[in-house]
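Structure file data_0.csv (CSV, C-alpha atoms) is printed below.
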```
chain,number,residue,atom,x,y,z
A,860,MET,CA,-11.6,-6.6,-49.8
A,861,GLY,CA,-8.9,-6.8,-52.5
A,862,GLN,CA,-9.5,-6.0,-56.1
A,863,ALA,CA,-7.0,-7.6,-58.5
A,864,GLU,CA,-5.5,-5.6,-61.3
A,865,ARG,CA,-7.6,-5.5,-64.5
A,866,THR,CA,-7.3,-3.8,-67.9
A,867,TRP,CA,-9.9,-1.1,-68.2
A,868,GLY,CA,-11.2,0.9,-71.2
A,869,ALA,CA,-11.0,4.6,-71.5
A,870,LEU,CA,-13.4,6.8,-69.7
A,871,THR,CA,-15.8,9.1,-71.5
A,872,VAL,CA,-15.1,12.8,-71.4
A,873,ALA,CA,-18.4,13.4,-69.6
A,874,ALA,CA,-17.4,11.0,-66.9
A,875,LEU,CA,-14.3,13.0,-66.2
A,876,THR,CA,-16.2,16.3,-65.9
A,877,LEU,CA,-16.2,16.2,-62.1
A,878,ALA,CA,-16.4,19.8,-60.9
A,879,GLY,CA,-19.9,20.8,-60.2
A,880,CYS,CA,-21.4,17.6,-61.6
A,881,ALA,CA,-25.0,17.0,-60.6
A,882,PRO,CA,-26.6,13.7,-59.7
A,883,GLY,CA,-28.5,11.8,-62.3
A,884,PRO,CA,-32.1,11.0,-61.8
A,885,ALA,CA,-32.5,8.4,-59.0
A,886,VAL,CA,-35.1,5.7,-58.8
A,887,PRO,CA,-37.0,6.5,-55.6
A,888,ALA,CA,-35.9,3.9,-53.0
A,889,THR,CA,-39.5,3.4,-51.8
A,890,ALA,CA,-41.1,3.4,-55.2
A,891,ASP,CA,-43.3,0.6,-56.3
A,892,PRO,CA,-41.1,-1.3,-58.8
A,893,SER,CA,-44.0,-1.6,-61.2
A,894,THR,CA,-44.1,2.1,-61.6
A,895,ALA,CA,-40.4,2.8,-61.9
A,896,GLY,CA,-39.9,1.7,-65.5
A,897,PRO,CA,-39.4,-1.6,-67.1
A,898,SER,CA,-37.9,-4.5,-65.0
A,899,THR,CA,-37.0,-2.4,-62.0
A,900,ALA,CA,-36.7,-5.1,-59.4
A,901,GLY,CA,-35.4,-8.7,-59.3
A,902,PRO,CA,-32.4,-10.4,-60.8
A,903,SER,CA,-31.2,-10.1,-64.3
A,904,SER,CA,-29.9,-13.0,-66.4
A,905,THR,CA,-27.5,-10.7,-68.4
A,906,GLY,CA,-27.1,-7.6,-66.2
A,907,PRO,CA,-27.8,-4.0,-67.1
A,908,SER,CA,-26.6,-2.4,-70.3
A,909,ALA,CA,-25.7,1.2,-71.0
A,910,GLY,CA,-28.9,3.3,-71.0
A,911,ALA,CA,-30.9,0.6,-69.3
A,912,THR,CA,-33.3,1.4,-66.5
A,913,ARG,CA,-31.6,0.6,-63.3
A,914,ARG,CA,-33.3,-1.8,-60.9
A,915,LEU,CA,-33.5,-1.9,-57.2
A,916,PRO,CA,-33.0,-5.2,-55.3
A,917,PRO,CA,-35.9,-7.4,-54.2
A,918,THR,CA,-37.0,-6.9,-50.6
A,919,GLU,CA,-37.8,-10.5,-49.9
A,920,GLY,CA,-35.6,-13.6,-50.0
A,921,VAL,CA,-32.1,-14.5,-49.0
A,922,LEU,CA,-29.1,-12.1,-48.8
A,923,ASP,CA,-25.4,-13.0,-48.7
A,924,TYR,CA,-22.3,-10.9,-48.4
A,925,GLN,CA,-19.4,-12.6,-50.2
A,926,LEU,CA,-16.4,-10.2,-50.3
A,927,GLY,CA,-14.0,-12.8,-49.0
A,928,GLY,CA,-14.8,-15.5,-51.6
A,929,ALA,CA,-17.6,-16.1,-54.1
A,930,TYR,CA,-19.8,-19.3,-54.0
A,931,ASP,CA,-23.2,-20.2,-55.4
A,932,GLU,CA,-25.3,-21.5,-52.6
A,933,VAL,CA,-26.1,-20.8,-48.9
A,934,ASP,CA,-28.2,-22.7,-46.4
A,935,PRO,CA,-30.6,-20.5,-44.5
A,936,GLY,CA,-31.7,-23.5,-42.4
A,937,SER,CA,-34.0,-25.2,-44.8
A,938,GLY,CA,-31.5,-26.5,-47.2
A,939,PRO,CA,-29.2,-25.0,-49.9
A,940,VAL,CA,-30.5,-22.2,-52.0
A,941,THR,CA,-29.2,-19.6,-54.4
A,942,PRO,CA,-29.2,-16.2,-52.7
A,943,ASP,CA,-31.7,-13.7,-54.1
A,944,VAL,CA,-29.3,-10.8,-53.4
A,945,VAL,CA,-25.6,-11.2,-53.2
A,946,VAL,CA,-22.7,-8.7,-52.8
A,947,ARG,CA,-19.4,-9.7,-54.4
A,948,ASP,CA,-16.0,-8.0,-55.0
A,949,ALA,CA,-15.6,-6.2,-58.4
A,950,THR,CA,-13.0,-8.9,-59.4
A,951,ALA,CA,-15.7,-11.7,-59.0
A,952,GLU,CA,-18.4,-12.6,-61.4
A,953,PRO,CA,-22.1,-11.8,-60.7
A,954,LEU,CA,-24.2,-14.8,-59.5
A,955,PRO,CA,-26.6,-16.0,-62.2
A,956,GLY,CA,-30.2,-15.8,-61.1
A,957,ALA,CA,-29.5,-13.4,-58.2
A,958,TYR,CA,-29.5,-9.6,-57.9
A,959,SER,CA,-25.8,-9.0,-57.8
A,960,VAL,CA,-24.1,-6.0,-56.2
A,961,CYS,CA,-20.5,-5.2,-57.0
A,962,TYR,CA,-18.2,-3.9,-54.3
A,963,VAL,CA,-15.9,-1.0,-55.1
A,964,ASN,CA,-13.7,0.9,-52.6
A,965,GLY,CA,-14.3,4.4,-54.0
A,966,PHE,CA,-12.4,6.5,-51.4
A,967,GLN,CA,-9.5,4.3,-50.3
A,968,THR,CA,-7.0,2.0,-51.9
A,969,GLN,CA,-7.4,-1.7,-51.6
A,970,PRO,CA,-5.0,-4.1,-49.9
A,971,GLY,CA,-2.7,-5.7,-52.4
A,972,ASP,CA,-3.6,-3.0,-55.0
A,973,ALA,CA,-0.4,-1.0,-54.8
A,974,ASP,CA,0.4,-1.4,-58.5
A,975,ARG,CA,-2.8,0.4,-59.5
A,976,TRP,CA,-1.7,3.5,-57.5
A,977,ARG,CA,2.1,3.4,-58.2
A,978,GLY,CA,3.0,6.7,-59.8
A,979,HIS,CA,-0.2,8.3,-58.6
A,980,GLU,CA,0.8,9.2,-55.0
A,981,ASP,CA,-0.5,12.8,-55.6
A,982,LEU,CA,-4.0,11.3,-55.4
A,983,LEU,CA,-3.5,10.1,-51.9
A,984,LEU,CA,-4.1,12.1,-48.7
A,985,HIS,CA,-0.8,13.1,-47.0
A,986,ASP,CA,-0.1,14.2,-43.4
A,987,ALA,CA,1.8,17.3,-42.4
A,988,ASP,CA,5.1,15.4,-42.9
A,989,GLY,CA,4.2,14.4,-46.4
A,990,THR,CA,3.5,10.7,-45.5
A,991,PRO,CA,0.5,9.1,-47.2
A,992,VAL,CA,-2.3,8.6,-44.7
A,993,VAL,CA,-3.6,5.2,-43.9
A,994,ASP,CA,-7.0,4.3,-42.3
A,995,PRO,CA,-6.2,3.3,-38.7
A,996,ASP,CA,-8.9,0.7,-38.8
A,997,TRP,CA,-7.5,-0.8,-42.1
A,998,PRO,CA,-3.8,-0.1,-42.0
A,999,ASP,CA,-3.2,-1.6,-45.4
A,1000,GLU,CA,-5.5,1.0,-47.1
A,1001,HIS,CA,-4.4,4.5,-48.0
A,1002,VAL,CA,-6.9,7.3,-48.1
A,1003,LEU,CA,-7.7,9.0,-51.4
A,1004,ASP,CA,-7.9,12.8,-51.5
A,1005,PRO,CA,-10.6,14.1,-53.8
A,1006,SER,CA,-10.3,17.7,-52.6
A,1007,THR,CA,-9.5,19.2,-56.0
A,1008,ALA,CA,-11.0,18.8,-59.5
A,1009,GLU,CA,-7.6,17.6,-60.8
A,1010,GLN,CA,-7.3,14.9,-58.1
A,1011,ARG,CA,-10.9,13.8,-58.7
A,1012,GLU,CA,-10.2,13.4,-62.4
A,1013,GLY,CA,-7.1,11.3,-61.5
A,1014,ILE,CA,-9.0,9.1,-59.1
A,1015,LEU,CA,-11.9,8.6,-61.5
A,1016,ALA,CA,-9.5,7.8,-64.3
A,1017,ILE,CA,-8.4,4.8,-62.2
A,1018,LEU,CA,-11.6,3.7,-60.4
A,1019,GLY,CA,-14.2,4.9,-62.9
A,1020,PRO,CA,-13.5,2.0,-65.2
A,1021,VAL,CA,-13.9,-0.4,-62.2
A,1022,VAL,CA,-17.4,1.0,-61.7
A,1023,SER,CA,-18.4,0.8,-65.4
A,1024,GLY,CA,-16.7,-2.6,-65.5
A,1025,CYS,CA,-19.2,-3.9,-63.0
A,1026,ALA,CA,-22.0,-3.2,-65.5
A,1027,GLU,CA,-20.0,-4.8,-68.3
A,1028,ASP,CA,-19.6,-7.9,-66.2
A,1029,GLY,CA,-23.4,-8.1,-65.6
A,1030,PHE,CA,-23.9,-6.8,-62.1
A,1031,ASP,CA,-27.1,-5.0,-61.2
A,1032,ALA,CA,-25.7,-2.5,-58.7
A,1033,VAL,CA,-22.5,-1.2,-57.3
A,1034,GLU,CA,-21.6,-0.6,-53.6
A,1035,ILE,CA,-19.3,2.4,-53.1
A,1036,ASP,CA,-17.3,2.0,-49.8
A,1037,ASN,CA,-15.8,4.6,-47.5
A,1038,LEU,CA,-18.1,7.5,-48.6
A,1039,ASP,CA,-17.5,9.0,-45.1
A,1040,THR,CA,-13.7,9.6,-45.3
A,1041,TRP,CA,-14.4,13.4,-45.3
A,1042,THR,CA,-16.0,13.0,-41.9
A,1043,ARG,CA,-13.1,11.0,-40.5
A,1044,PHE,CA,-10.1,13.0,-42.0
A,1045,ASP,CA,-10.3,16.7,-41.6
A,1046,ALA,CA,-7.9,17.4,-44.4
A,1047,ILE,CA,-10.4,16.1,-47.0
A,1048,ASP,CA,-12.5,18.8,-48.6
A,1049,GLU,CA,-16.2,17.9,-48.0
A,1050,ASP,CA,-17.4,19.5,-51.3
A,1051,GLY,CA,-14.7,17.6,-53.2
A,1052,ALA,CA,-15.7,14.3,-51.6
A,1053,HIS,CA,-19.3,15.0,-52.6
A,1054,ALA,CA,-18.3,15.8,-56.2
A,1055,LEU,CA,-16.4,12.5,-56.5
A,1056,ALA,CA,-19.4,10.6,-55.0
A,1057,ARG,CA,-21.8,12.2,-57.5
A,1058,ALA,CA,-19.3,11.3,-60.3
A,1059,TYR,CA,-19.4,7.7,-59.3
A,1060,VAL,CA,-23.2,7.8,-59.1
A,1061,ASP,CA,-23.5,9.4,-62.5
A,1062,LEU,CA,-21.2,6.9,-64.1
A,1063,ALA,CA,-23.0,4.0,-62.5
A,1064,HIS,CA,-26.4,5.3,-63.5
A,1065,ASP,CA,-25.3,5.9,-67.1
A,1066,ALA,CA,-24.3,2.2,-67.2
A,1067,GLY,CA,-27.6,1.1,-65.8
A,1068,LEU,CA,-26.4,0.3,-62.3
A,1069,ALA,CA,-28.2,1.2,-59.1
A,1070,VAL,CA,-25.8,2.6,-56.5
A,1071,ALA,CA,-25.6,1.6,-52.8
A,1072,GLN,CA,-24.3,3.9,-50.1
A,1073,LYS,CA,-22.0,1.8,-47.8
A,1074,ASN,CA,-22.4,2.6,-44.0
A,1075,ALA,CA,-22.1,6.2,-42.9
A,1076,ALA,CA,-25.6,6.4,-41.4
A,1077,GLU,CA,-25.1,10.1,-40.4
A,1078,VAL,CA,-24.9,11.1,-44.1
A,1079,ALA,CA,-27.7,8.9,-45.4
A,1080,PRO,CA,-30.2,11.8,-46.1
A,1081,LEU,CA,-27.5,13.8,-47.9
A,1082,ALA,CA,-26.3,10.7,-49.8
A,1083,ALA,CA,-29.8,10.0,-51.2
A,1084,ARG,CA,-31.1,13.5,-51.6
A,1085,ASP,CA,-28.0,15.3,-52.9
A,1086,LEU,CA,-25.7,12.6,-54.2
A,1087,GLY,CA,-28.2,10.3,-55.9
A,1088,PHE,CA,-27.6,7.0,-54.1
A,1089,ASP,CA,-30.5,4.5,-54.5
A,1090,LEU,CA,-30.1,2.0,-51.7
A,1091,ALA,CA,-27.8,1.2,-48.7
A,1092,VAL,CA,-25.5,-1.6,-47.6
A,1093,THR,CA,-25.0,-1.4,-43.8
A,1094,GLU,CA,-22.7,-3.3,-41.5
A,1095,GLU,CA,-23.5,-3.5,-37.8
A,1096,CYS,CA,-26.4,-1.1,-37.8
A,1097,ALA,CA,-28.0,-3.2,-35.1
A,1098,VAL,CA,-24.9,-2.9,-32.9
A,1099,PHE,CA,-24.9,0.9,-33.3
A,1100,ASP,CA,-28.7,1.2,-33.2
A,1101,GLU,CA,-28.8,3.1,-36.4
A,1102,CYS,CA,-30.8,0.8,-38.8
A,1103,ALA,CA,-33.7,3.2,-38.8
A,1104,ALA,CA,-31.4,6.0,-40.1
A,1105,TYR,CA,-31.1,4.0,-43.3
A,1106,THR,CA,-34.7,2.7,-43.6
A,1107,ALA,CA,-36.0,6.2,-43.0
A,1108,VAL,CA,-34.2,7.3,-46.2
A,1109,TYR,CA,-34.1,4.2,-48.4
A,1110,GLY,CA,-37.2,2.4,-47.2
A,1111,ASP,CA,-37.0,-1.4,-47.6
A,1112,HIS,CA,-34.0,-1.1,-49.9
A,1113,VAL,CA,-31.4,-1.6,-47.2
A,1114,LEU,CA,-29.1,-4.7,-47.1
A,1115,GLN,CA,-28.0,-5.4,-43.5
A,1116,VAL,CA,-24.9,-7.3,-42.5
A,1117,GLU,CA,-24.0,-8.2,-38.9
A,1118,TYR,CA,-20.9,-9.9,-37.4
A,1119,PRO,CA,-20.9,-12.2,-34.4
A,1120,ASP,CA,-18.0,-10.6,-32.5
A,1121,ALA,CA,-19.6,-7.1,-32.6
A,1122,LEU,CA,-23.0,-8.5,-31.5
A,1123,ALA,CA,-21.3,-10.3,-28.6
A,1124,ASP,CA,-19.5,-7.2,-27.5
A,1125,ALA,CA,-22.9,-5.3,-27.6
A,1126,GLY,CA,-24.6,-8.0,-25.6
A,1127,LEU,CA,-26.8,-9.0,-28.5
A,1128,THR,CA,-27.7,-12.2,-30.2
A,1129,PHE,CA,-28.6,-12.6,-33.9
A,1130,ASP,CA,-32.1,-13.6,-32.7
A,1131,ASP,CA,-32.3,-10.2,-31.0
A,1132,VAL,CA,-31.5,-8.5,-34.3
A,1133,CYS,CA,-34.1,-10.5,-36.2
A,1134,ALA,CA,-36.8,-9.7,-33.6
A,1135,ARG,CA,-36.3,-6.0,-33.9
A,1136,ASP,CA,-38.8,-3.8,-35.7
A,1137,ALA,CA,-36.0,-1.4,-36.7
A,1138,ARG,CA,-34.1,-3.7,-39.1
A,1139,ALA,CA,-33.9,-4.1,-42.8
A,1140,PRO,CA,-36.0,-6.7,-44.6
A,1141,LEU,CA,-32.9,-8.6,-45.7
A,1142,VAL,CA,-30.4,-9.3,-42.9
A,1143,VAL,CA,-27.5,-11.7,-42.8
A,1144,LEU,CA,-25.0,-12.8,-40.1
A,1145,ARG,CA,-21.5,-13.4,-41.6
A,1146,ASP,CA,-18.1,-14.3,-40.2
A,1147,ARG,CA,-15.8,-11.2,-40.0
A,1148,ASP,CA,-13.5,-12.4,-42.8
A,1149,LEU,CA,-16.4,-13.2,-45.1
A,1150,VAL,CA,-14.8,-16.5,-46.1
A,1151,ALA,CA,-16.2,-19.2,-48.4
A,1152,PRO,CA,-18.0,-22.2,-46.9
A,1153,ASP,CA,-15.0,-24.5,-47.3
A,1154,GLU,CA,-12.7,-22.3,-45.3
A,1155,PRO,CA,-12.3,-22.3,-41.5
A,1156,GLY,CA,-14.5,-19.8,-39.6
A,1157,TYR,CA,-17.3,-19.6,-42.2
A,1158,LEU,CA,-20.6,-18.5,-40.7
A,1159,TYR,CA,-23.9,-17.8,-42.3
A,1160,GLU,CA,-27.3,-17.2,-40.8
A,1161,THR,CA,-30.2,-15.1,-42.0
A,1162,CYS,CA,-33.5,-13.9,-40.5
```
Is it possible to give me this structure as structure tokens?
Amino acid sequence: MGQAERTWGALTVAALTLAGCAPGPAVPATADPSTAGPSTAGPSSTGPSAGATRRLPPTEGVLDYQLGGAYDEVDPGSGPVTPDVVVRDATAEPLPGAYSVCYVNGFQTQPGDADRWRGHEDLLLHDADGTPVVDPDWPDEHVLDPSTAEQREGILAILGPVVSGCAEDGFDAVEIDNLDTWTRFDAIDEDGAHALARAYVDLAHDAGLAVAQKNAAEVAPLAARDLGFDLAVTEECAVFDECAAYTAVYGDHVLQVEYPDALADAGLTFDDVCARDARAPLVVLRDRDLVAPDEPGYLYETC
């Protein structure tokens, strides 16, 4: 979803040292929060600060996924409540009292974000004709190319402050989208994509944020073991029968989002999803556009 233009501070020199960067120490996804350092689970009233111990989300309660519009309450069937865990766009504010995850598209441009990339076309993936490549599933998103150290430095100069800005705004974690572009576009160098992912993880960890892998079940072991991700956000893992691929790596620290159209196409109901043993502890059914409650088409259910 779209991220509006913001004014960001300068990156540290260390954050720009991308080639060969190693992942920072990760909080084990299945660790007992009481043994992972001070205040490692549950919401924060002020958000993490630089150098703070990052915290994993609670594994009980109510989840919401609010990329299309932020709002404070949901109704899980027993009356309005504040979500315990909520994902919002980087341009939104975290939700007070909830564990708040900040969405950042780390490997593609955002719709309506052309100004951010104007003059930086060299950071985009180009086809054989020299035309910038777009994601066929999201034709208003161009694909970034982190194949060289110089390109990774340029990308992080633009998006690194978005990640650190999530911490400054008071979020508890950041969700990095489109980690798997190197598996979908052959021209992207795999090692370069990994180096950029580790740079995002290091930057987030340094700011006290936990880091969520977004989708890409096939790379979950690598993402956790080698790249340093702490948890996962997955869309439609029930539809693709891949929820266990995430929970096998991240334990209970998986946030699962399903959509009604995909469930219907797969011959599933949301009750079917909730009845499965192979699902995340926190599961939400949302409308495809993720709109706010006062907009047409809004849908919210939870297990």
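Separating atom CA of A:Leu984 from atom CA of A:Phe1044 is a distance of 9.0 Å.
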* Please tell me which residues are no farther than 10 Å from (-25.1, -23.9, -45.8) in the file, counting all atoms listed in the file, and write them as an NGL selection string. => :A and (932-940 or 1152 or 1157-1160)
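Among A:Ala1104, A:Ala1026, A:Leu1141, A:Arg913, the residue with the shortest atom-to-atom distance to A:Pro942, counting all atoms listed in the file, is A:Leu1141.
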* Asked: Separation of atom CA of A:Ala1056 and atom CA of A:Leu1038, in Å?
  -> 7.2 Å
* Asked: What is the distance, in Å and to one decimal place, between atom CA of A:Asp1048 and atom CA of A:Ser1006?
  -> 4.7 Å
Do you know which residues lie at most 6 Å from (-7.4, -0.3, -49.6), with coordinates as in the file and only C-alpha atoms counted, and could you write them as an mmCIF file with C-alpha atoms, in the frame of the given file?
```cif
data_model
loop_
_atom_site.group_PDB
_atom_site.id
_atom_site.type_symbol
_atom_site.label_atom_id
_atom_site.label_comp_id
_atom_site.auth_asym_id
_atom_site.auth_seq_id
_atom_site.Cartn_x
_atom_site.Cartn_y
_atom_site.Cartn_z
ATOM 1 C CA GLN A 967 -9.500 4.300 -50.300
ATOM 2 C CA THR A 968 -7.000 2.000 -51.900
ATOM 3 C CA GLN A 969 -7.400 -1.700 -51.600
ATOM 4 C CA PRO A 970 -5.000 -4.100 -49.900
ATOM 5 C CA GLU A 1000 -5.500 1.000 -47.100
ATOM 6 C CA HIS A 1001 -4.400 4.500 -48.000
#
```
Would you list the contacts of A:Ala1032 as a CSV table (one decimal) with C-alpha atoms, in the frame of the given file, taking every protein, DNA or RNA residue within 7 Å and counting all atoms listed in the file, but skipping same-chain residues closer than 2 positions in sequence?
```csv
chain,number,residue,atom,x,y,z
A,959,SER,CA,-25.8,-9.0,-57.8
A,960,VAL,CA,-24.1,-6.0,-56.2
A,961,CYS,CA,-20.5,-5.2,-57.0
A,1030,PHE,CA,-23.9,-6.8,-62.1
A,1034,GLU,CA,-21.6,-0.6,-53.6
A,1068,LEU,CA,-26.4,0.3,-62.3
A,1069,ALA,CA,-28.2,1.2,-59.1
A,1070,VAL,CA,-25.8,2.6,-56.5
```
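Closest approach to A:His1064 among A:Arg1043, A:Asp1004, A:Ala1076, A:Leu1086: A:Leu1086, based on only C-alpha atoms.
Remark: for A:Ala1063, the closest of the candidate residues A:Thr912, A:Ala1091, A:Ala1134, A:Val1002 is A:Thr912 (distances computed over only C-alpha atoms).
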* **Residues within 12 Å of A:Ile1047, all atoms listed in the file, excluding chain neighbours under 6 positions, as a count of residues only** => 21
* Pick from A:Trp976, A:Phe1129, A:Trp997, A:Tyr1059: nearest to A:Val1116, with all atoms listed in the file counted? ->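 When distances to A:Val1116 are compared using all atoms listed in the file, the smallest one comes from A:Phe1129.
Here the question is which of A:Val1150, A:Cys1162, A:Leu1114, A:Ala1008 gets nearest to A:Ala929 using only C-alpha atoms, and that residue is A:Val1150.
When all atoms listed in the file are used to compute distances to A:Glu1094, the closest of the residues A:Asp943, A:Asp1065, A:Asp1146, A:Asp974 turns out to be A:Asp1146.
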